[in-house]
Amino acid sequence: MGEVSVRFLGSGDAFGSGGRFQTCFYVQSGTTQMLVDCGASSLVAMRRFGVDPSLIDIVLISHLHGDHFGGIPFFVMDANYLTHRTRPLTIAGPPGLEARVYEAMEILYPDSSRMDLKFDIEFVELPQEAATSISRLVVTPYSVVHPSGAPSYALRISLEDKIFAYSGDTEWTDALIPVSRGADLFVCDCTSFEKGGGIHLDYQTLMDHRSKLECEKLMVTHMNEDMLHRIGGLDVEGADDGKVVIL
Ligand SMILES: [Zn+2]
Ligand SMILES: [Zn+2]
């Protein structure tokens, strides 16, 4: 089985804390090139880090907030008008994904949702706690606690013989236990340091539950300014834009 790499193109929160790009992970193997989340800034991040958007086959979306799916309209417009994409694109995520993507396109660029695309887009709306095969990967979403107008998911992705797991945005939920179990890499929301982060996880709560997360490697992401200042002195590795992890 081949190597799988995860490159953080965006490890930021919704607000650009630390100058970081919004959530976007570039997951690559010999057979698959995909994005996990595509925040509003992700096309910029791809250009910054030299990732060719036209090579991406699959975009997996954790939940329907702008800092996680808001880059899709720009990705699609770029594919149609600049990179002249011809290969099909699969966009997979929670129920309601297709309608929300077209609504976002229509608001940002009127009539863009009806543009004559030169490539096929297949939307896959993923049922929770069921394994869905997409090309060479298998994804199992778990519902988490984070209101987004649709189910919000943590994603457990099997590719080659590796498992990459991602919490999406969420407060603590026991769903993260099966999501992360046996994962080669589990990337977890850790927006704040102090408890009381509301719909996001904080470092102290995460550490309270750390022993339940039976993953090979844990990294935290989506950090606010306070968390970014503290991360170097904490007992967990932080994601960073441009950082690459080989699974
Ligand atoms: Zn977010
Ligand atoms: Zn969110």
# chains A, B, ... in the order shown; residues from 1 in each chain; ligands from 1

$ residues_near_ligand --ligand "ligand 1" --cutoff "10 Å" --atoms "only C-alpha atoms and all ligand atoms" --output "list in words"
Ser11, Gly12, Asp13, Ala14, Phe15, Gln22, Thr23, Asp37, Gly39, Ser62, His63, Leu64, His65, Gly66, Asp67, His68, Phe69, His146, Gly168, Asp169, Thr170, Asp189, Thr191, Ile199, His200, Thr221, His222 and Met223 of chain A

$ write_last_selection --atoms "C-alpha atoms" --output "compact mmCIF listing (two decimals), in the first residue's frame"
# COMPACT_ATOMS: atom_id res chain seq x y z
CA SER A 11 -5.23 25.50 9.79
CA GLY A 12 -6.93 28.70 10.88
CA ASP A 13 -10.24 29.61 12.46
CA ALA A 14 -12.97 31.56 10.69
CA PHE A 15 -11.40 34.91 11.51
CA GLN A 22 -9.30 28.82 6.77
CA THR A 23 -9.62 25.05 7.05
CA ASP A 37 -12.72 21.15 3.70
CA GLY A 39 -12.81 27.35 3.35
CA SER A 62 -17.17 18.45 7.26
CA HIS A 63 -19.92 21.02 7.69
CA LEU A 64 -21.62 23.90 5.96
CA HIS A 65 -19.93 26.93 7.50
CA GLY A 66 -18.18 29.41 5.23
CA ASP A 67 -14.72 28.75 6.67
CA HIS A 68 -15.13 25.06 5.71
CA PHE A 69 -17.08 25.07 2.42
CA HIS A 146 -21.97 22.33 16.09
CA GLY A 168 -14.66 19.14 12.06
CA ASP A 169 -15.83 21.94 14.35
CA THR A 170 -17.47 20.71 17.53
CA ASP A 189 -10.71 21.40 16.68
CA THR A 191 -10.25 26.77 19.08
CA ILE A 199 -19.69 25.27 19.96
CA HIS A 200 -15.94 24.56 19.71
CA THR A 221 -6.24 23.05 14.55
CA HIS A 222 -8.66 26.00 14.21
CA MET A 223 -6.88 27.88 17.02

$ select_by_dssp --residues "range 133-247 of chain A" --states "strand (DSSP E or B)" --output "PyMOL selection string"
chain A and resi 133-134+137-143+153-159+162-166+185-189+192+202+218-221+237-238+244-246

$ residues_around --residues "Arg156 in chain A" --least-positions-apart "2" --cutoff "12 Å" --atoms "only C-alpha atoms" --output "number ranges by chain"
A: 36, 60-62, 128-133, 137-143, 153-154, 158-159, 162-168, 175-188, 215

$ closest_residue --among "A:Met219, A:Leu9, A:Leu55, A:Val145" --to "ligand 2" --atoms "only C-alpha atoms and all ligand atoms"
A:Val145

$ select_by_dssp --residues "range 27-181 of chain A" --states "helix (DSSP H, G or I)" --output "PyMOL selection string"
chain A and resi 42-48+53-55+66-69+72-81+97-108+112-114+176-180

$ write_last_selection --atoms "N, CA and C atoms" --output "short mmCIF file (atom, residue, chain, number, x, y, z; two decimals), in the first residue's frame"
data_model
loop_
_atom_site.label_atom_id
_atom_site.label_comp_id
_atom_site.auth_asym_id
_atom_site.auth_seq_id
_atom_site.Cartn_x
_atom_site.Cartn_y
_atom_site.Cartn_z
N SER A 42 -9.44 29.07 0.57
CA SER A 42 -8.64 27.88 0.21
C SER A 42 -8.02 27.94 -1.19
N LEU A 43 -8.68 28.61 -2.12
CA LEU A 43 -8.06 28.71 -3.45
C LEU A 43 -6.78 29.55 -3.36
N VAL A 44 -6.82 30.59 -2.54
CA VAL A 44 -5.61 31.40 -2.32
C VAL A 44 -4.53 30.52 -1.68
N ALA A 45 -4.92 29.73 -0.69
CA ALA A 45 -3.96 28.86 -0.01
C ALA A 45 -3.34 27.85 -0.97
N MET A 46 -4.14 27.31 -1.88
CA MET A 46 -3.61 26.35 -2.86
C MET A 46 -2.56 27.02 -3.73
N ARG A 47 -2.84 28.24 -4.14
CA ARG A 47 -1.87 28.96 -4.98
C ARG A 47 -0.62 29.28 -4.16
N ARG A 48 -0.82 29.66 -2.90
CA ARG A 48 0.32 30.00 -2.04
C ARG A 48 1.27 28.82 -1.89
N PRO A 53 -5.09 23.15 -8.40
CA PRO A 53 -6.48 22.75 -8.14
C PRO A 53 -7.01 21.74 -9.15
N SER A 54 -6.48 21.76 -10.36
CA SER A 54 -7.04 20.89 -11.39
C SER A 54 -6.71 19.43 -11.15
N LEU A 55 -5.79 19.15 -10.21
CA LEU A 55 -5.46 17.76 -9.90
C LEU A 55 -6.35 17.16 -8.81
N GLY A 66 -18.97 28.79 6.29
CA GLY A 66 -18.18 29.41 5.23
C GLY A 66 -16.69 29.13 5.32
N ASP A 67 -16.16 29.01 6.54
CA ASP A 67 -14.72 28.75 6.67
C ASP A 67 -14.37 27.29 6.42
N HIS A 68 -15.38 26.48 6.04
CA HIS A 68 -15.13 25.06 5.71
C HIS A 68 -15.62 24.69 4.30
N PHE A 69 -16.63 25.40 3.79
CA PHE A 69 -17.08 25.07 2.42
C PHE A 69 -17.14 26.29 1.51
N ILE A 72 -15.69 26.67 -2.22
CA ILE A 72 -16.12 25.88 -3.38
C ILE A 72 -16.55 26.76 -4.56
N PRO A 73 -17.33 27.84 -4.35
CA PRO A 73 -17.67 28.66 -5.51
C PRO A 73 -16.43 29.16 -6.26
N PHE A 74 -15.40 29.58 -5.53
CA PHE A 74 -14.18 30.07 -6.19
C PHE A 74 -13.45 28.92 -6.89
N PHE A 75 -13.44 27.76 -6.24
CA PHE A 75 -12.80 26.58 -6.83
C PHE A 75 -13.47 26.22 -8.15
N VAL A 76 -14.80 26.22 -8.16
CA VAL A 76 -15.55 25.83 -9.36
C VAL A 76 -15.38 26.87 -10.47
N MET A 77 -15.43 28.15 -10.10
CA MET A 77 -15.27 29.19 -11.11
C MET A 77 -13.86 29.15 -11.71
N ASP A 78 -12.87 28.95 -10.85
CA ASP A 78 -11.48 28.85 -11.32
C ASP A 78 -11.33 27.66 -12.27
N ALA A 79 -11.94 26.55 -11.88
CA ALA A 79 -11.83 25.33 -12.69
C ALA A 79 -12.43 25.53 -14.07
N ASN A 80 -13.53 26.27 -14.11
CA ASN A 80 -14.22 26.44 -15.38
C ASN A 80 -13.55 27.47 -16.29
N TYR A 81 -13.10 28.57 -15.69
CA TYR A 81 -12.66 29.70 -16.51
C TYR A 81 -11.15 29.88 -16.61
N LEU A 97 -25.74 19.69 1.20
CA LEU A 97 -24.52 20.24 0.61
C LEU A 97 -24.76 20.87 -0.77
N GLU A 98 -25.40 20.13 -1.65
CA GLU A 98 -25.55 20.61 -3.04
C GLU A 98 -26.34 21.92 -3.07
N ALA A 99 -27.45 21.96 -2.34
CA ALA A 99 -28.28 23.17 -2.35
C ALA A 99 -27.50 24.35 -1.78
N ARG A 100 -26.76 24.14 -0.70
CA ARG A 100 -26.01 25.24 -0.07
C ARG A 100 -24.88 25.73 -0.96
N VAL A 101 -24.23 24.82 -1.67
CA VAL A 101 -23.16 25.24 -2.59
C VAL A 101 -23.74 26.13 -3.69
N TYR A 102 -24.87 25.71 -4.28
CA TYR A 102 -25.44 26.51 -5.36
C TYR A 102 -26.00 27.83 -4.84
N GLU A 103 -26.55 27.83 -3.63
CA GLU A 103 -27.00 29.09 -3.03
C GLU A 103 -25.82 30.04 -2.83
N ALA A 104 -24.72 29.51 -2.33
CA ALA A 104 -23.53 30.34 -2.10
C ALA A 104 -23.02 30.90 -3.42
N MET A 105 -22.98 30.06 -4.45
CA MET A 105 -22.51 30.53 -5.76
C MET A 105 -23.39 31.65 -6.27
N GLU A 106 -24.69 31.46 -6.12
CA GLU A 106 -25.65 32.42 -6.66
C GLU A 106 -25.54 33.78 -5.95
N ILE A 107 -25.29 33.73 -4.64
CA ILE A 107 -25.16 34.98 -3.88
C ILE A 107 -23.86 35.70 -4.25
N LEU A 108 -22.78 34.94 -4.39
CA LEU A 108 -21.48 35.56 -4.64
C LEU A 108 -21.34 36.02 -6.08
N SER A 112 -24.01 32.23 -11.60
CA SER A 112 -22.91 31.26 -11.67
C SER A 112 -23.39 29.84 -11.41
N SER A 113 -24.49 29.71 -10.69
CA SER A 113 -24.96 28.35 -10.41
C SER A 113 -25.55 27.71 -11.66
N ARG A 114 -25.79 28.53 -12.69
CA ARG A 114 -26.34 27.97 -13.94
C ARG A 114 -25.32 28.04 -15.08
N LEU A 176 -16.32 11.60 19.04
CA LEU A 176 -14.90 11.71 18.65
C LEU A 176 -14.10 10.46 19.03
N ILE A 177 -14.64 9.67 19.93
CA ILE A 177 -13.92 8.44 20.35
C ILE A 177 -13.86 7.43 19.19
N PRO A 178 -15.00 7.04 18.62
CA PRO A 178 -14.90 6.12 17.47
C PRO A 178 -14.28 6.77 16.23
N VAL A 179 -14.46 8.07 16.07
CA VAL A 179 -13.85 8.74 14.91
C VAL A 179 -12.33 8.57 14.93
N SER A 180 -11.75 8.74 16.10
CA SER A 180 -10.28 8.78 16.21
C SER A 180 -9.65 7.43 16.48
#

$ closest_residue --among "A:Asp240, A:Glu171, A:Glu122, A:Glu225" --to "ligand 2" --atoms "only C-alpha atoms and all ligand atoms"
A:Glu171

$ closest_residue --among "A:Glu194, A:Asp57, A:Asp120, A:Asp202" --to "Thr31 in chain A" --atoms "only C-alpha atoms"
A:Asp57

$ residues_around --residues "Leu126 in chain A" --least-positions-apart "5" --cutoff "7 Å" --atoms "only C-alpha atoms" --output "list in words"
Ala92, Gly93, Pro94 and Pro95 of chain A

$ closest_residue --among "A:Pro88, A:Gly70, A:Leu213, A:Val124" --to "ligand 2" --atoms "only C-alpha atoms and all ligand atoms"
A:Gly70

$ residues_around --residues "Ile246 in chain A" --least-positions-apart "6" --cutoff "9 Å" --atoms "only C-alpha atoms" --output "PDB file with C-alpha atoms, in the first residue's frame"
ATOM      1  CA  GLU A   3       2.061   6.465   1.329  1.00  0.00           C
ATOM      2  CA  VAL A   4      -0.570   8.979   2.358  1.00  0.00           C
ATOM      3  CA  SER A   5       0.374  12.574   3.133  1.00  0.00           C
ATOM      4  CA  VAL A   6      -1.652  15.311   4.751  1.00  0.00           C
ATOM      5  CA  ARG A   7      -0.634  18.875   4.032  1.00  0.00           C
TER       6      ARG A   7
END

$ atom_distance --atom1 "CA of Glu160 in chain A" --atom2 "CA of Ser211 in chain A"
26.8 Å

$ closest_residue --among "A:Gly238, A:Gly196, A:Pro151, A:Gly232" --to "ligand 2" --atoms "only C-alpha atoms and all ligand atoms"
A:Pro151

$ atom_distance --atom1 "CA of Ile56 in chain A" --atom2 "CA of Leu35 in chain A"
7.1 Å

$ atom_distance --atom1 "CA of His84 in chain A" --atom2 "CA of Gly10 in chain A"
24.5 Å
